[in-house]
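J.: Encoded as structure tokens, here's the structure I'll be asking about.
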Amino acid sequence: MHGIMEKNSLTQKILKSQLHGQKLWGRYEIRLLPIQDIWISVPQTVKLRGKPFFEKLTLSIQEEGLHFPLLVSNPTRTELKRKKKQYKERMMPLPDWQDGRDDETRLWVVWGGSQRIRVAKNLGYTQIDCAIIPTLDEARGLQSKMRNPYQGNLY
């Protein structure tokens with residue numbers, strides 16, 4: 001298996017990418033984050049362009065591990081609300097924030113890898129490698145670079 005999986009005594013199941021311990025494209029810090037702390041921004045993609053996608057991605061991660069880390073940013077709730085207005089139904093409904101925190105509260109948001117984090121969650125992983133991207137717009141711009149090696153296979 002190319003990706004790295006670890007279990008520790010606290011029943012953490014960790015999914016490290018092939019780039020763990022490096023910087024993504026020599027620039028972005030990669031760190032493990034708890035899956036439960038990351039908001040998934042887009043709906044699940046079962047099929048892509050009429051072909052099975054999620055099942056194929058699941059098999060790929062089971063057999064080869066995680067190549068690239070997720071692209072994750074840390075926007076404020078205000079920033080996320082603006083993105084929801086921009087992307088509408090292409091984004092998941094925003095969380096129902098009834099916790100008394102203000103709109104400047106930041107949260108981890110996957111903005112490249114929503115399907116991979118779902119697969120990891122389904123496989124019982126509790127932590128996953130994430131590349132920390134400064135802004136959602138920058139993460140969006142990097143998505144095609146991350147997908148490029150998988151053209152013709154997954155995409």
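Residues are named by chain letter and number: chains run A, B, ... in the order of the structure tokens, numbers start at 1 in each chain, and ligands are numbered from 1 in the order shown.
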Would you return as a PyMOL selection string the members of segment 90-122 of chain A that DSSP assigns to strand (DSSP E or B) on this structure's backbone?
T.: chain A and resi 106+108-110
J.: Under the rule of at most 10 Å, produce a per-residue listing of segment 75-112 of chain A near segment 139-143 of chain A: chain, number, name, the closest pair of atoms, and the distance in Å, as JSON lines, using only C-alpha atoms.
T.:
```
{"residue": "A:Val110", "atom": "CA", "partner": "A:Ala139", "partner_atom": "CA", "distance": 8.9}
{"residue": "A:Trp111", "atom": "CA", "partner": "A:Ala139", "partner_atom": "CA", "distance": 6.1}
{"residue": "A:Gly112", "atom": "CA", "partner": "A:Gln143", "partner_atom": "CA", "distance": 5.8}
```
J.: Next, the residues of the selection above should be written as a tab-separated table (two decimals), in the first residue's frame with C-alpha atoms.
T.:
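So the final result, stored in part_19.tsv, reads:
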```tsv
chain	number	residue	atom	x	y	z
A	110	VAL	CA	-12.18	20.78	2.83
A	111	TRP	CA	-12.10	22.61	-0.51
A	112	GLY	CA	-10.41	19.89	-2.48
```
J.: Just checking: using only C-alpha atoms, which residue out of A:Arg118, A:Thr11, A:Cys130, A:Lys88 ends up closest to Arg31 of chain A?
T.: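 Using only C-alpha atoms, the shortest distance to Arg31 of chain A belongs to A:Cys130.
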J.: Running DSSP on the backbone, which parts of segment 51-151 of chain A land in alpha helix (DSSP H), as a PyMOL selection string?
T.: chain A and resi 54-64+77-87+114-122+136-147
J.: Report as a VMD selection string all protein, DNA and RNA residues lying within 12 Å of Lys23 of chain A, evaluated on only C-alpha atoms, omitting residues in the same chain fewer than 2 positions from it.
T.: chain A and resid 17 to 21 25 to 31 68 to 69 129 to 133
J.: Could those residues be written to a file, using N, CA and C atoms, as an mmCIF file, in the first residue's frame?
T.:
```cif
data_model
loop_
_atom_site.group_PDB
_atom_site.id
_atom_site.type_symbol
_atom_site.label_atom_id
_atom_site.label_comp_id
_atom_site.auth_asym_id
_atom_site.auth_seq_id
_atom_site.Cartn_x
_atom_site.Cartn_y
_atom_site.Cartn_z
ATOM 1 N N SER A 17 -0.911 10.773 3.677
ATOM 2 C CA SER A 17 -0.713 10.798 2.230
ATOM 3 C C SER A 17 0.714 10.377 1.897
ATOM 4 N N GLN A 18 0.957 10.167 0.632
ATOM 5 C CA GLN A 18 2.306 9.824 0.182
ATOM 6 C C GLN A 18 3.269 10.992 0.399
ATOM 7 N N LEU A 19 2.730 12.169 0.636
ATOM 8 C CA LEU A 19 3.551 13.359 0.822
ATOM 9 C C LEU A 19 3.689 13.745 2.292
ATOM 10 N N HIS A 20 3.268 12.868 3.194
ATOM 11 C CA HIS A 20 3.337 13.158 4.624
ATOM 12 C C HIS A 20 4.762 13.530 5.022
ATOM 13 N N GLY A 21 4.886 14.578 5.824
ATOM 14 C CA GLY A 21 6.200 15.024 6.267
ATOM 15 C C GLY A 21 6.880 15.975 5.295
ATOM 16 N N TRP A 25 3.619 20.557 -3.057
ATOM 17 C CA TRP A 25 4.194 21.365 -4.126
ATOM 18 C C TRP A 25 5.246 22.323 -3.576
ATOM 19 N N GLY A 26 5.944 21.863 -2.530
ATOM 20 C CA GLY A 26 7.025 22.638 -1.942
ATOM 21 C C GLY A 26 6.585 23.890 -1.206
ATOM 22 N N ARG A 27 5.267 24.050 -1.008
ATOM 23 C CA ARG A 27 4.775 25.324 -0.478
ATOM 24 C C ARG A 27 3.824 25.208 0.712
ATOM 25 N N TYR A 28 2.932 24.224 0.691
ATOM 26 C CA TYR A 28 1.849 24.170 1.667
ATOM 27 C C TYR A 28 2.123 23.124 2.745
ATOM 28 N N GLU A 29 2.023 23.554 4.006
ATOM 29 C CA GLU A 29 2.208 22.658 5.137
ATOM 30 C C GLU A 29 1.184 21.528 5.085
ATOM 31 N N ILE A 30 1.630 20.323 5.380
ATOM 32 C CA ILE A 30 0.738 19.167 5.478
ATOM 33 C C ILE A 30 0.694 18.757 6.939
ATOM 34 N N ARG A 31 -0.530 18.634 7.476
ATOM 35 C CA ARG A 31 -0.660 18.181 8.862
ATOM 36 C C ARG A 31 -1.883 17.287 8.997
ATOM 37 N N PHE A 68 -2.441 12.394 -2.581
ATOM 38 C CA PHE A 68 -2.371 13.791 -2.169
ATOM 39 C C PHE A 68 -3.144 14.013 -0.873
ATOM 40 N N PRO A 69 -2.685 14.943 -0.042
ATOM 41 C CA PRO A 69 -3.485 15.327 1.116
ATOM 42 C C PRO A 69 -4.717 16.104 0.650
ATOM 43 N N ASP A 129 -4.376 13.392 6.441
ATOM 44 C CA ASP A 129 -3.429 14.420 6.018
ATOM 45 C C ASP A 129 -4.155 15.529 5.252
ATOM 46 N N CYS A 130 -3.827 16.765 5.614
ATOM 47 C CA CYS A 130 -4.430 17.932 4.976
ATOM 48 C C CYS A 130 -3.337 18.939 4.639
ATOM 49 N N ALA A 131 -3.387 19.481 3.434
ATOM 50 C CA ALA A 131 -2.521 20.599 3.065
ATOM 51 C C ALA A 131 -3.275 21.859 3.459
ATOM 52 N N ILE A 132 -2.645 22.710 4.235
ATOM 53 C CA ILE A 132 -3.286 23.920 4.733
ATOM 54 C C ILE A 132 -3.105 25.022 3.686
ATOM 55 N N ILE A 133 -4.216 25.401 3.076
ATOM 56 C CA ILE A 133 -4.225 26.395 2.002
ATOM 57 C C ILE A 133 -4.763 27.711 2.579
#
```
J.: Leaving out Met91 of chain A and any residue of its chain fewer than 6 positions from it, which residues lie within 8 Å of it when counting only C-alpha atoms, given as a PyMOL selection string?
T.: chain A and resi 41-43+84
J.: Neighbouring residues of Glu104 of chain A were defined as those with any atom within 12 Å, considering only C-alpha atoms; residues of the same chain fewer than 4 positions away were excluded. Please report them as a ChimeraX atom specification.
T.: /A:74-81,100
J.: Those selected residues, please, written with N, CA and C atoms and delivered as a short mmCIF file (atom, residue, chain, number, x, y, z; two decimals), in the first residue's frame.
T.:
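After the write, selection-v6.cif holds the following:
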```
data_model
loop_
_atom_site.label_atom_id
_atom_site.label_comp_id
_atom_site.auth_asym_id
_atom_site.auth_seq_id
_atom_site.Cartn_x
_atom_site.Cartn_y
_atom_site.Cartn_z
N ASN A 74 -9.14 27.51 6.36
CA ASN A 74 -9.67 27.82 7.68
C ASN A 74 -10.42 29.16 7.66
N PRO A 75 -11.50 29.25 6.84
CA PRO A 75 -12.21 30.52 6.71
C PRO A 75 -13.10 30.82 7.92
N THR A 76 -13.53 32.07 7.99
CA THR A 76 -14.52 32.45 8.99
C THR A 76 -15.90 32.01 8.49
N ARG A 77 -16.85 31.99 9.40
CA ARG A 77 -18.22 31.68 9.01
C ARG A 77 -18.74 32.70 7.99
N THR A 78 -18.34 33.94 8.15
CA THR A 78 -18.74 34.99 7.20
C THR A 78 -18.24 34.66 5.79
N GLU A 79 -16.97 34.27 5.68
CA GLU A 79 -16.41 33.90 4.38
C GLU A 79 -17.17 32.72 3.79
N LEU A 80 -17.48 31.75 4.61
CA LEU A 80 -18.18 30.56 4.13
C LEU A 80 -19.60 30.90 3.67
N LYS A 81 -20.25 31.81 4.35
CA LYS A 81 -21.59 32.26 3.94
C LYS A 81 -21.53 32.92 2.57
N GLY A 100 -23.58 29.99 19.81
CA GLY A 100 -23.30 31.26 20.45
C GLY A 100 -22.02 31.94 19.98
#
```
J.: Quick check, in Å to one decimal: how far apart do atom CA of Gly124 of chain A and atom CA of Glu138 of chain A lie?
T.: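 Atom CA of Gly124 of chain A sits 29.4 Å away from atom CA of Glu138 of chain A.
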J.: Determine, counting only C-alpha atoms, which protein, DNA and RNA residues have an atom within 9 Å of an atom of Ile38 of chain A; residues of the same chain fewer than 4 positions away are not included. Present the result as number ranges by chain.
T.: A: 33-34, 72, 107-110, 117
J.: Could the residues in this selection be saved with C-alpha atoms as a PDB file, in the first residue's frame?
T.:
```
ATOM      1  CA  LEU A  33      -6.409  16.884  11.276  1.00  0.00           C
ATOM      2  CA  PRO A  34      -9.249  15.013  12.972  1.00  0.00           C
ATOM      3  CA  VAL A  72      -8.155  22.449   3.558  1.00  0.00           C
ATOM      4  CA  LEU A 107     -13.521  26.325  10.931  1.00  0.00           C
ATOM      5  CA  TRP A 108     -11.635  23.751   8.900  1.00  0.00           C
ATOM      6  CA  VAL A 109     -13.205  23.306   5.473  1.00  0.00           C
ATOM      7  CA  VAL A 110     -12.178  20.778   2.831  1.00  0.00           C
ATOM      8  CA  ILE A 117     -12.605  12.504   3.217  1.00  0.00           C
TER       9      ILE A 117
END
```
J.: Would you work out the distance separating atom CA of Gln62 of chain A from atom CA of Gln115 of chain A, expressed in Å to one decimal?
T.: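 According to the coordinates, atom CA of Gln62 of chain A and atom CA of Gln115 of chain A are separated by 13.8 Å.
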J.: So how many Å separate atom CA of Leu32 of chain A and atom CA of Tyr87 of chain A, to one decimal?
T.: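 Distance reported for this atom pair: 27.6 Å.
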J.: Which of these residues is nearest to Ser73 of chain A, using only C-alpha atoms: A:Leu123, A:Leu24, A:Ile128, A:Leu136?
T.: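 Under the stated criterion, the closest residue is A:Leu136.
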